[in-house]
file input.cif (mmCIF, N, CA and C atoms)
data_structure
loop_
_atom_site.label_atom_id
_atom_site.label_comp_id
_atom_site.auth_asym_id
_atom_site.auth_seq_id
_atom_site.Cartn_x
_atom_site.Cartn_y
_atom_site.Cartn_z
N MET W 1 46.42 -35.20 -54.20
CA MET W 1 46.69 -34.09 -53.31
C MET W 1 48.20 -34.09 -53.02
N PRO W 2 48.91 -33.01 -53.23
CA PRO W 2 50.36 -32.99 -53.09
C PRO W 2 50.86 -32.90 -51.65
N GLN W 3 50.00 -32.56 -50.69
CA GLN W 3 50.43 -32.44 -49.31
C GLN W 3 49.48 -33.20 -48.40
N SER W 4 49.96 -33.50 -47.20
CA SER W 4 49.12 -34.14 -46.19
C SER W 4 48.68 -33.10 -45.18
N TYR W 5 47.44 -33.18 -44.76
CA TYR W 5 46.88 -32.26 -43.78
C TYR W 5 46.32 -33.08 -42.63
N THR W 6 46.78 -32.77 -41.44
CA THR W 6 46.34 -33.54 -40.28
C THR W 6 46.00 -32.62 -39.13
N CYS W 7 45.17 -33.12 -38.26
CA CYS W 7 44.84 -32.46 -36.99
C CYS W 7 44.78 -33.57 -35.96
N LEU W 8 45.94 -33.91 -35.41
CA LEU W 8 46.08 -35.08 -34.55
C LEU W 8 46.40 -34.65 -33.12
N HIS W 9 45.39 -34.65 -32.28
CA HIS W 9 45.55 -34.31 -30.87
C HIS W 9 45.32 -35.55 -30.03
N TYR W 10 46.15 -35.73 -29.02
CA TYR W 10 46.06 -36.91 -28.16
C TYR W 10 46.13 -36.51 -26.70
N HIS W 11 45.39 -37.24 -25.89
CA HIS W 11 45.48 -37.16 -24.44
C HIS W 11 46.24 -38.41 -24.02
N PHE W 12 47.46 -38.21 -23.54
CA PHE W 12 48.30 -39.31 -23.10
C PHE W 12 48.25 -39.40 -21.58
N ILE W 13 48.20 -40.62 -21.08
CA ILE W 13 48.22 -40.85 -19.64
C ILE W 13 49.18 -42.00 -19.37
N PHE W 14 50.11 -41.78 -18.45
CA PHE W 14 50.97 -42.89 -18.02
C PHE W 14 51.49 -42.60 -16.62
N SER W 15 51.84 -43.67 -15.94
CA SER W 15 52.23 -43.53 -14.54
C SER W 15 53.73 -43.78 -14.36
N THR W 16 54.15 -43.44 -13.17
CA THR W 16 55.51 -43.74 -12.79
C THR W 16 55.64 -45.25 -12.58
N LYS W 17 56.86 -45.72 -12.57
CA LYS W 17 57.10 -47.15 -12.37
C LYS W 17 56.49 -47.60 -11.04
N HIS W 18 55.70 -48.66 -11.12
CA HIS W 18 54.99 -49.21 -9.96
C HIS W 18 54.08 -48.17 -9.29
N ARG W 19 53.73 -47.12 -10.04
CA ARG W 19 52.88 -46.04 -9.54
C ARG W 19 53.42 -45.43 -8.24
N GLN W 20 54.73 -45.35 -8.17
CA GLN W 20 55.36 -44.74 -7.00
C GLN W 20 55.22 -43.22 -7.07
N PRO W 21 55.05 -42.56 -5.94
CA PRO W 21 54.84 -41.10 -5.92
C PRO W 21 56.16 -40.33 -6.07
N THR W 22 56.78 -40.45 -7.24
CA THR W 22 58.13 -39.89 -7.43
C THR W 22 58.15 -38.56 -8.18
N ILE W 23 57.00 -38.08 -8.64
CA ILE W 23 56.97 -36.77 -9.31
C ILE W 23 56.64 -35.73 -8.25
N THR W 24 57.66 -35.17 -7.68
CA THR W 24 57.46 -34.23 -6.57
C THR W 24 57.22 -32.82 -7.10
N PRO W 25 56.48 -32.02 -6.33
CA PRO W 25 56.16 -30.65 -6.78
C PRO W 25 57.39 -29.79 -7.09
N ASP W 26 58.52 -30.07 -6.46
CA ASP W 26 59.70 -29.23 -6.66
C ASP W 26 60.28 -29.33 -8.07
N PHE W 27 60.01 -30.39 -8.81
CA PHE W 27 60.53 -30.46 -10.17
C PHE W 27 59.45 -30.71 -11.22
N ARG W 28 58.20 -30.81 -10.81
CA ARG W 28 57.11 -31.15 -11.74
C ARG W 28 57.05 -30.20 -12.93
N SER W 29 57.08 -28.90 -12.71
CA SER W 29 56.97 -27.96 -13.84
C SER W 29 58.19 -28.04 -14.75
N ARG W 30 59.37 -28.28 -14.18
CA ARG W 30 60.57 -28.45 -15.01
C ARG W 30 60.45 -29.70 -15.87
N LEU W 31 59.87 -30.76 -15.31
CA LEU W 31 59.65 -31.99 -16.06
C LEU W 31 58.73 -31.72 -17.25
N TYR W 32 57.63 -31.01 -17.01
CA TYR W 32 56.70 -30.70 -18.09
C TYR W 32 57.35 -29.84 -19.16
N ASP W 33 58.18 -28.89 -18.75
CA ASP W 33 58.91 -28.06 -19.73
C ASP W 33 59.84 -28.93 -20.58
N TYR W 34 60.53 -29.85 -19.94
CA TYR W 34 61.44 -30.74 -20.66
C TYR W 34 60.68 -31.61 -21.65
N VAL W 35 59.56 -32.16 -21.20
CA VAL W 35 58.72 -32.98 -22.07
C VAL W 35 58.23 -32.16 -23.26
N GLY W 36 57.88 -30.91 -23.02
CA GLY W 36 57.47 -30.03 -24.11
C GLY W 36 58.56 -29.87 -25.15
N GLY W 37 59.80 -29.79 -24.71
CA GLY W 37 60.92 -29.72 -25.64
C GLY W 37 61.07 -30.98 -26.46
N ILE W 38 60.83 -32.11 -25.84
CA ILE W 38 60.90 -33.38 -26.58
C ILE W 38 59.83 -33.40 -27.67
N PHE W 39 58.61 -32.99 -27.34
CA PHE W 39 57.55 -32.94 -28.35
C PHE W 39 57.94 -32.01 -29.50
N ARG W 40 58.51 -30.85 -29.18
CA ARG W 40 58.92 -29.92 -30.24
C ARG W 40 59.97 -30.55 -31.15
N ASN W 41 60.91 -31.30 -30.56
CA ASN W 41 61.93 -31.97 -31.37
C ASN W 41 61.34 -33.04 -32.28
N LEU W 42 60.15 -33.50 -31.95
CA LEU W 42 59.47 -34.51 -32.76
C LEU W 42 58.36 -33.87 -33.60
N ASP W 43 58.49 -32.59 -33.87
CA ASP W 43 57.54 -31.84 -34.70
C ASP W 43 56.16 -31.70 -34.07
N GLY W 44 56.05 -31.92 -32.76
CA GLY W 44 54.76 -31.81 -32.09
C GLY W 44 54.70 -30.60 -31.19
N ILE W 45 53.58 -30.48 -30.50
CA ILE W 45 53.38 -29.38 -29.56
C ILE W 45 52.73 -29.96 -28.30
N LEU W 46 53.32 -29.71 -27.16
CA LEU W 46 52.69 -30.05 -25.90
C LEU W 46 51.76 -28.90 -25.54
N ILE W 47 50.48 -29.17 -25.51
CA ILE W 47 49.47 -28.13 -25.26
C ILE W 47 49.21 -27.98 -23.77
N ALA W 48 49.15 -29.10 -23.05
CA ALA W 48 48.90 -29.05 -21.61
C ALA W 48 49.57 -30.25 -20.96
N ALA W 49 49.99 -30.05 -19.72
CA ALA W 49 50.59 -31.12 -18.94
C ALA W 49 50.13 -30.97 -17.49
N GLY W 50 49.85 -32.09 -16.87
CA GLY W 50 49.44 -32.06 -15.48
C GLY W 50 49.48 -33.46 -14.91
N GLY W 51 49.17 -33.53 -13.67
CA GLY W 51 49.16 -34.82 -13.01
C GLY W 51 49.45 -34.64 -11.54
N ILE W 52 49.75 -35.76 -10.92
CA ILE W 52 50.12 -35.75 -9.51
C ILE W 52 51.37 -36.60 -9.36
N SER W 53 51.68 -36.99 -8.15
CA SER W 53 52.97 -37.63 -7.88
C SER W 53 53.19 -38.96 -8.57
N ASP W 54 52.11 -39.65 -8.99
CA ASP W 54 52.30 -40.99 -9.56
C ASP W 54 51.92 -41.12 -11.03
N HIS W 55 51.49 -40.06 -11.68
CA HIS W 55 51.18 -40.16 -13.11
C HIS W 55 51.07 -38.78 -13.75
N VAL W 56 51.10 -38.79 -15.09
CA VAL W 56 50.96 -37.55 -15.85
C VAL W 56 49.85 -37.68 -16.88
N HIS W 57 49.34 -36.51 -17.23
CA HIS W 57 48.41 -36.36 -18.35
C HIS W 57 49.06 -35.34 -19.29
N LEU W 58 49.12 -35.67 -20.56
CA LEU W 58 49.70 -34.77 -21.55
C LEU W 58 48.69 -34.62 -22.69
N LEU W 59 48.43 -33.39 -23.08
CA LEU W 59 47.63 -33.11 -24.27
C LEU W 59 48.61 -32.57 -25.30
N ALA W 60 48.70 -33.26 -26.42
CA ALA W 60 49.70 -32.89 -27.41
C ALA W 60 49.14 -32.98 -28.82
N ARG W 61 49.70 -32.14 -29.66
CA ARG W 61 49.41 -32.22 -31.09
C ARG W 61 50.61 -32.85 -31.76
N LEU W 62 50.35 -33.87 -32.57
CA LEU W 62 51.41 -34.55 -33.30
C LEU W 62 51.22 -34.32 -34.80
N THR W 63 52.28 -34.53 -35.52
CA THR W 63 52.18 -34.51 -36.98
C THR W 63 52.13 -35.95 -37.46
N GLN W 64 51.96 -36.11 -38.73
CA GLN W 64 51.93 -37.44 -39.32
C GLN W 64 53.33 -38.04 -39.46
N ASN W 65 54.35 -37.29 -39.08
CA ASN W 65 55.73 -37.74 -39.27
C ASN W 65 56.19 -38.82 -38.29
N HIS W 66 55.52 -38.92 -37.15
CA HIS W 66 55.94 -39.87 -36.12
C HIS W 66 54.72 -40.59 -35.56
N SER W 67 54.87 -41.87 -35.28
CA SER W 67 53.78 -42.63 -34.70
C SER W 67 53.63 -42.31 -33.21
N VAL W 68 52.47 -42.59 -32.67
CA VAL W 68 52.23 -42.41 -31.25
C VAL W 68 53.23 -43.24 -30.44
N ALA W 69 53.43 -44.48 -30.82
CA ALA W 69 54.36 -45.36 -30.10
C ALA W 69 55.77 -44.78 -30.11
N GLU W 70 56.20 -44.27 -31.24
CA GLU W 70 57.55 -43.70 -31.34
C GLU W 70 57.67 -42.47 -30.46
N VAL W 71 56.68 -41.59 -30.53
CA VAL W 71 56.72 -40.36 -29.74
C VAL W 71 56.77 -40.69 -28.25
N LEU W 72 55.91 -41.57 -27.79
CA LEU W 72 55.90 -41.88 -26.36
C LEU W 72 57.15 -42.63 -25.91
N ARG W 73 57.70 -43.46 -26.77
CA ARG W 73 58.97 -44.12 -26.43
C ARG W 73 60.05 -43.08 -26.18
N VAL W 74 60.15 -42.09 -27.07
CA VAL W 74 61.17 -41.05 -26.94
C VAL W 74 60.88 -40.15 -25.72
N VAL W 75 59.62 -39.75 -25.56
CA VAL W 75 59.26 -38.89 -24.43
C VAL W 75 59.60 -39.57 -23.11
N LYS W 76 59.18 -40.80 -22.96
CA LYS W 76 59.39 -41.49 -21.69
C LYS W 76 60.87 -41.80 -21.44
N ALA W 77 61.57 -42.26 -22.45
CA ALA W 77 62.99 -42.59 -22.28
C ALA W 77 63.81 -41.35 -21.95
N ASN W 78 63.62 -40.30 -22.73
CA ASN W 78 64.44 -39.09 -22.53
C ASN W 78 64.08 -38.36 -21.25
N SER W 79 62.80 -38.30 -20.90
CA SER W 79 62.43 -37.59 -19.68
C SER W 79 62.87 -38.34 -18.43
N SER W 80 62.78 -39.66 -18.42
CA SER W 80 63.22 -40.40 -17.24
C SER W 80 64.74 -40.29 -17.08
N LYS W 81 65.45 -40.32 -18.19
CA LYS W 81 66.92 -40.14 -18.13
C LYS W 81 67.25 -38.76 -17.59
N TRP W 82 66.53 -37.74 -18.07
CA TRP W 82 66.75 -36.36 -17.62
C TRP W 82 66.51 -36.24 -16.11
N VAL W 83 65.42 -36.82 -15.63
CA VAL W 83 65.13 -36.73 -14.19
C VAL W 83 66.26 -37.38 -13.40
N ARG W 84 66.68 -38.56 -13.80
CA ARG W 84 67.74 -39.25 -13.05
C ARG W 84 69.07 -38.49 -13.08
N GLU W 85 69.34 -37.77 -14.16
CA GLU W 85 70.61 -37.05 -14.28
C GLU W 85 70.58 -35.66 -13.66
N VAL W 86 69.42 -34.98 -13.71
CA VAL W 86 69.37 -33.57 -13.35
C VAL W 86 68.76 -33.31 -11.98
N ILE W 87 67.81 -34.11 -11.59
CA ILE W 87 67.11 -33.88 -10.33
C ILE W 87 67.80 -34.68 -9.22
N PRO W 88 68.29 -33.98 -8.21
CA PRO W 88 69.00 -34.68 -7.13
C PRO W 88 68.01 -35.43 -6.22
N THR W 89 67.85 -36.71 -6.51
CA THR W 89 66.93 -37.53 -5.72
C THR W 89 67.37 -38.98 -5.77
N ASP W 90 66.99 -39.71 -4.77
CA ASP W 90 67.28 -41.14 -4.74
C ASP W 90 65.98 -41.93 -4.84
N ASN W 91 64.99 -41.37 -5.50
CA ASN W 91 63.69 -42.03 -5.50
C ASN W 91 63.51 -43.05 -6.62
N GLY W 92 64.55 -43.33 -7.40
CA GLY W 92 64.45 -44.36 -8.43
C GLY W 92 63.45 -44.03 -9.52
N PHE W 93 63.41 -42.81 -9.96
CA PHE W 93 62.41 -42.37 -10.92
C PHE W 93 62.44 -43.20 -12.21
N GLY W 94 61.26 -43.50 -12.71
CA GLY W 94 61.09 -44.17 -13.99
C GLY W 94 59.62 -44.19 -14.35
N TRP W 95 59.34 -44.50 -15.61
CA TRP W 95 57.96 -44.61 -16.08
C TRP W 95 57.55 -46.05 -16.22
N GLN W 96 56.26 -46.30 -16.11
CA GLN W 96 55.73 -47.64 -16.39
C GLN W 96 55.97 -47.96 -17.85
N ASN W 97 55.83 -49.22 -18.23
CA ASN W 97 56.04 -49.62 -19.62
C ASN W 97 54.95 -49.13 -20.55
N GLY W 98 53.71 -49.18 -20.14
CA GLY W 98 52.60 -48.87 -21.03
C GLY W 98 52.13 -47.43 -20.93
N TYR W 99 51.01 -47.17 -21.59
CA TYR W 99 50.43 -45.83 -21.60
C TYR W 99 49.01 -45.92 -22.12
N GLY W 100 48.29 -44.85 -21.93
CA GLY W 100 47.00 -44.67 -22.58
C GLY W 100 47.13 -43.52 -23.56
N ALA W 101 46.59 -43.69 -24.75
CA ALA W 101 46.61 -42.63 -25.77
C ALA W 101 45.21 -42.54 -26.34
N PHE W 102 44.60 -41.39 -26.17
CA PHE W 102 43.21 -41.21 -26.56
C PHE W 102 43.10 -40.01 -27.50
N GLY W 103 42.48 -40.21 -28.64
CA GLY W 103 42.30 -39.14 -29.60
C GLY W 103 41.38 -38.06 -29.04
N VAL W 104 41.72 -36.82 -29.34
CA VAL W 104 40.92 -35.68 -28.89
C VAL W 104 40.54 -34.85 -30.10
N SER W 105 39.25 -34.66 -30.29
CA SER W 105 38.81 -33.82 -31.40
C SER W 105 39.15 -32.36 -31.10
N TYR W 106 39.32 -31.59 -32.15
CA TYR W 106 39.68 -30.19 -31.98
C TYR W 106 38.68 -29.46 -31.08
N SER W 107 37.41 -29.80 -31.20
CA SER W 107 36.38 -29.13 -30.40
C SER W 107 36.45 -29.49 -28.92
N ASN W 108 37.19 -30.52 -28.55
CA ASN W 108 37.30 -30.92 -27.15
C ASN W 108 38.63 -30.55 -26.50
N ILE W 109 39.44 -29.76 -27.17
CA ILE W 109 40.73 -29.40 -26.61
C ILE W 109 40.57 -28.62 -25.30
N GLU W 110 39.70 -27.64 -25.27
CA GLU W 110 39.51 -26.83 -24.06
C GLU W 110 39.06 -27.67 -22.86
N PRO W 111 38.03 -28.53 -23.00
CA PRO W 111 37.64 -29.35 -21.85
C PRO W 111 38.76 -30.28 -21.37
N VAL W 112 39.55 -30.82 -22.28
CA VAL W 112 40.66 -31.69 -21.87
C VAL W 112 41.72 -30.87 -21.15
N MET W 113 41.99 -29.67 -21.61
CA MET W 113 42.94 -28.80 -20.93
C MET W 113 42.48 -28.52 -19.50
N LYS W 114 41.20 -28.24 -19.33
CA LYS W 114 40.66 -27.99 -17.99
C LYS W 114 40.76 -29.24 -17.11
N TYR W 115 40.46 -30.39 -17.68
CA TYR W 115 40.56 -31.65 -16.95
C TYR W 115 42.00 -31.87 -16.46
N ILE W 116 42.95 -31.64 -17.33
CA ILE W 116 44.36 -31.83 -16.98
C ILE W 116 44.79 -30.83 -15.91
N ALA W 117 44.33 -29.60 -16.02
CA ALA W 117 44.69 -28.57 -15.04
C ALA W 117 44.10 -28.86 -13.66
N ASN W 118 43.04 -29.65 -13.61
CA ASN W 118 42.31 -29.92 -12.36
C ASN W 118 42.73 -31.23 -11.70
N GLN W 119 43.87 -31.78 -12.04
CA GLN W 119 44.27 -33.09 -11.54
C GLN W 119 44.40 -33.16 -10.01
N GLU W 120 44.97 -32.15 -9.41
CA GLU W 120 45.16 -32.18 -7.95
C GLU W 120 43.82 -32.34 -7.24
N VAL W 121 42.83 -31.58 -7.65
CA VAL W 121 41.50 -31.66 -7.03
C VAL W 121 40.83 -32.98 -7.38
N HIS W 122 40.89 -33.36 -8.64
CA HIS W 122 40.25 -34.59 -9.11
C HIS W 122 40.73 -35.81 -8.32
N HIS W 123 42.01 -35.87 -8.04
CA HIS W 123 42.56 -37.06 -7.40
C HIS W 123 42.43 -37.06 -5.88
N ARG W 124 41.77 -36.08 -5.34
CA ARG W 124 41.41 -36.16 -3.92
C ARG W 124 40.29 -37.18 -3.73
N ALA W 125 39.52 -37.42 -4.80
CA ALA W 125 38.37 -38.33 -4.72
C ALA W 125 38.53 -39.60 -5.55
N VAL W 126 39.42 -39.57 -6.55
CA VAL W 126 39.53 -40.69 -7.48
C VAL W 126 41.00 -41.10 -7.61
N SER W 127 41.27 -42.40 -7.48
CA SER W 127 42.64 -42.89 -7.62
C SER W 127 43.03 -42.93 -9.10
N PHE W 128 44.32 -43.03 -9.34
CA PHE W 128 44.80 -43.17 -10.71
C PHE W 128 44.19 -44.39 -11.37
N GLN W 129 44.15 -45.51 -10.65
CA GLN W 129 43.62 -46.74 -11.22
C GLN W 129 42.16 -46.57 -11.62
N GLU W 130 41.34 -45.97 -10.75
CA GLU W 130 39.93 -45.74 -11.08
C GLU W 130 39.80 -44.84 -12.30
N GLU W 131 40.59 -43.79 -12.32
CA GLU W 131 40.55 -42.84 -13.43
C GLU W 131 40.92 -43.52 -14.75
N PHE W 132 41.99 -44.29 -14.74
CA PHE W 132 42.46 -44.92 -15.97
C PHE W 132 41.45 -45.95 -16.48
N LEU W 133 40.90 -46.74 -15.58
CA LEU W 133 39.88 -47.71 -15.98
C LEU W 133 38.66 -47.01 -16.58
N THR W 134 38.30 -45.86 -16.03
CA THR W 134 37.18 -45.09 -16.58
C THR W 134 37.48 -44.65 -18.00
N PHE W 135 38.69 -44.18 -18.25
CA PHE W 135 39.08 -43.79 -19.61
C PHE W 135 38.97 -44.98 -20.56
N LEU W 136 39.50 -46.11 -20.16
CA LEU W 136 39.47 -47.29 -21.02
C LEU W 136 38.03 -47.71 -21.34
N ARG W 137 37.21 -47.73 -20.33
CA ARG W 137 35.81 -48.14 -20.54
C ARG W 137 35.05 -47.13 -21.39
N LYS W 138 35.26 -45.86 -21.13
CA LYS W 138 34.57 -44.81 -21.89
C LYS W 138 34.93 -44.87 -23.38
N GLN W 139 36.17 -45.23 -23.67
CA GLN W 139 36.64 -45.31 -25.05
C GLN W 139 36.49 -46.71 -25.64
N ASN W 140 35.89 -47.61 -24.87
CA ASN W 140 35.65 -48.98 -25.32
C ASN W 140 36.94 -49.70 -25.70
N VAL W 141 37.97 -49.50 -24.88
CA VAL W 141 39.27 -50.14 -25.10
C VAL W 141 39.27 -51.50 -24.39
N THR W 142 39.61 -52.53 -25.11
CA THR W 142 39.70 -53.87 -24.53
C THR W 142 40.98 -53.98 -23.70
N PHE W 143 40.85 -54.55 -22.50
CA PHE W 143 42.02 -54.75 -21.64
C PHE W 143 41.82 -55.98 -20.80
N ASP W 144 42.92 -56.54 -20.34
CA ASP W 144 42.91 -57.72 -19.48
C ASP W 144 42.99 -57.25 -18.03
N PRO W 145 41.91 -57.37 -17.27
CA PRO W 145 41.91 -56.89 -15.89
C PRO W 145 42.95 -57.56 -15.00
N GLU W 146 43.37 -58.77 -15.39
CA GLU W 146 44.37 -59.50 -14.60
C GLU W 146 45.79 -58.94 -14.82
N ARG W 147 46.01 -58.28 -15.93
CA ARG W 147 47.37 -57.86 -16.27
C ARG W 147 47.55 -56.35 -16.39
N ILE W 148 46.50 -55.59 -16.22
CA ILE W 148 46.58 -54.16 -16.50
C ILE W 148 47.59 -53.42 -15.62
N TRP W 149 47.78 -53.86 -14.40
CA TRP W 149 48.66 -53.10 -13.49
C TRP W 149 50.05 -53.71 -13.36
N GLU W 150 50.42 -54.60 -14.23
CA GLU W 150 51.76 -55.21 -14.15
C GLU W 150 52.84 -54.19 -14.39
#
call {"tool": "encode", "arguments": {"input": "input.cif", "output": "structure tokens"}}
result
Amino acid sequence: MPQSYTCLHYHFIFSTKHRQPTITPDFRSRLYDYVGGIFRNLDGILIAAGGISDHVHLLARLTQNHSVAEVLRVVKANSSKWVREVIPTDNGFGWQNGYGAFGVSYSNIEPVMKYIANQEVHHRAVSFQEEFLTFLRKQNVTFDPERIWE
């Protein structure tokens, strides 16, 4: 076959450094727009973005040209630098070191988009930690409970 054909959609979840509530509503949409630009520069598409003050959810389509680790390294590094340079705040913005990356089948894009759009309501009842652990368990991801929140 002379070409590669892929359909690679991911639901990414990661929190702010120490899960501090540093993503304020006044710049949240600008942050998501900036992150969308980073994905475009990496041949991807940001389909949906949402979250609350201490974490984000991103639904993105990637190509086979870049690994998940590479994409998230660039997204997190460039977006945190952008926030520190452009947004007038002294809140010490930064991202945690790790992330969650979960494959999304094409048929589940709409439900994931709705889930991401509903973050404000969802987190009135469920903490980020509870939510993330649920994702890990649902996807049968092995993790060390003693070190997960470092």
call {"tool": "atom_distance", "arguments": {"input": "input.cif", "atom1": "atom CA of Arg73 of chain W", "atom2": "atom CA of Glu146 of chain W"}}
result
24.3 Å
call {"tool": "select_by_dssp", "arguments": {"input": "input.cif", "residues": "segment 6-83 of chain W", "states": "alpha helix (DSSP H)", "output": "MDAnalysis selection string"}}
result
chainID W and resid 25:41 68:83
call {"tool": "atom_distance", "arguments": {"input": "input.cif", "atom1": "atom CA of Leu46 of chain W", "atom2": "atom N of His123 of chain W"}}
result
21.6 Å
call {"tool": "residues_around", "arguments": {"input": "input.cif", "residues": "segment 111-115 of chain W", "least_positions_apart": "2", "cutoff": "8 Å", "atoms": "only C-alpha atoms", "output": "count of residues only"}}
result
9
call {"tool": "closest_residue", "arguments": {"input": "input.cif", "among": "W:Pro88, W:Gly100, W:Gly44, W:Pro145", "to": "Ala60 of chain W", "atoms": "only N, CA and C atoms"}}
result
W:Gly44
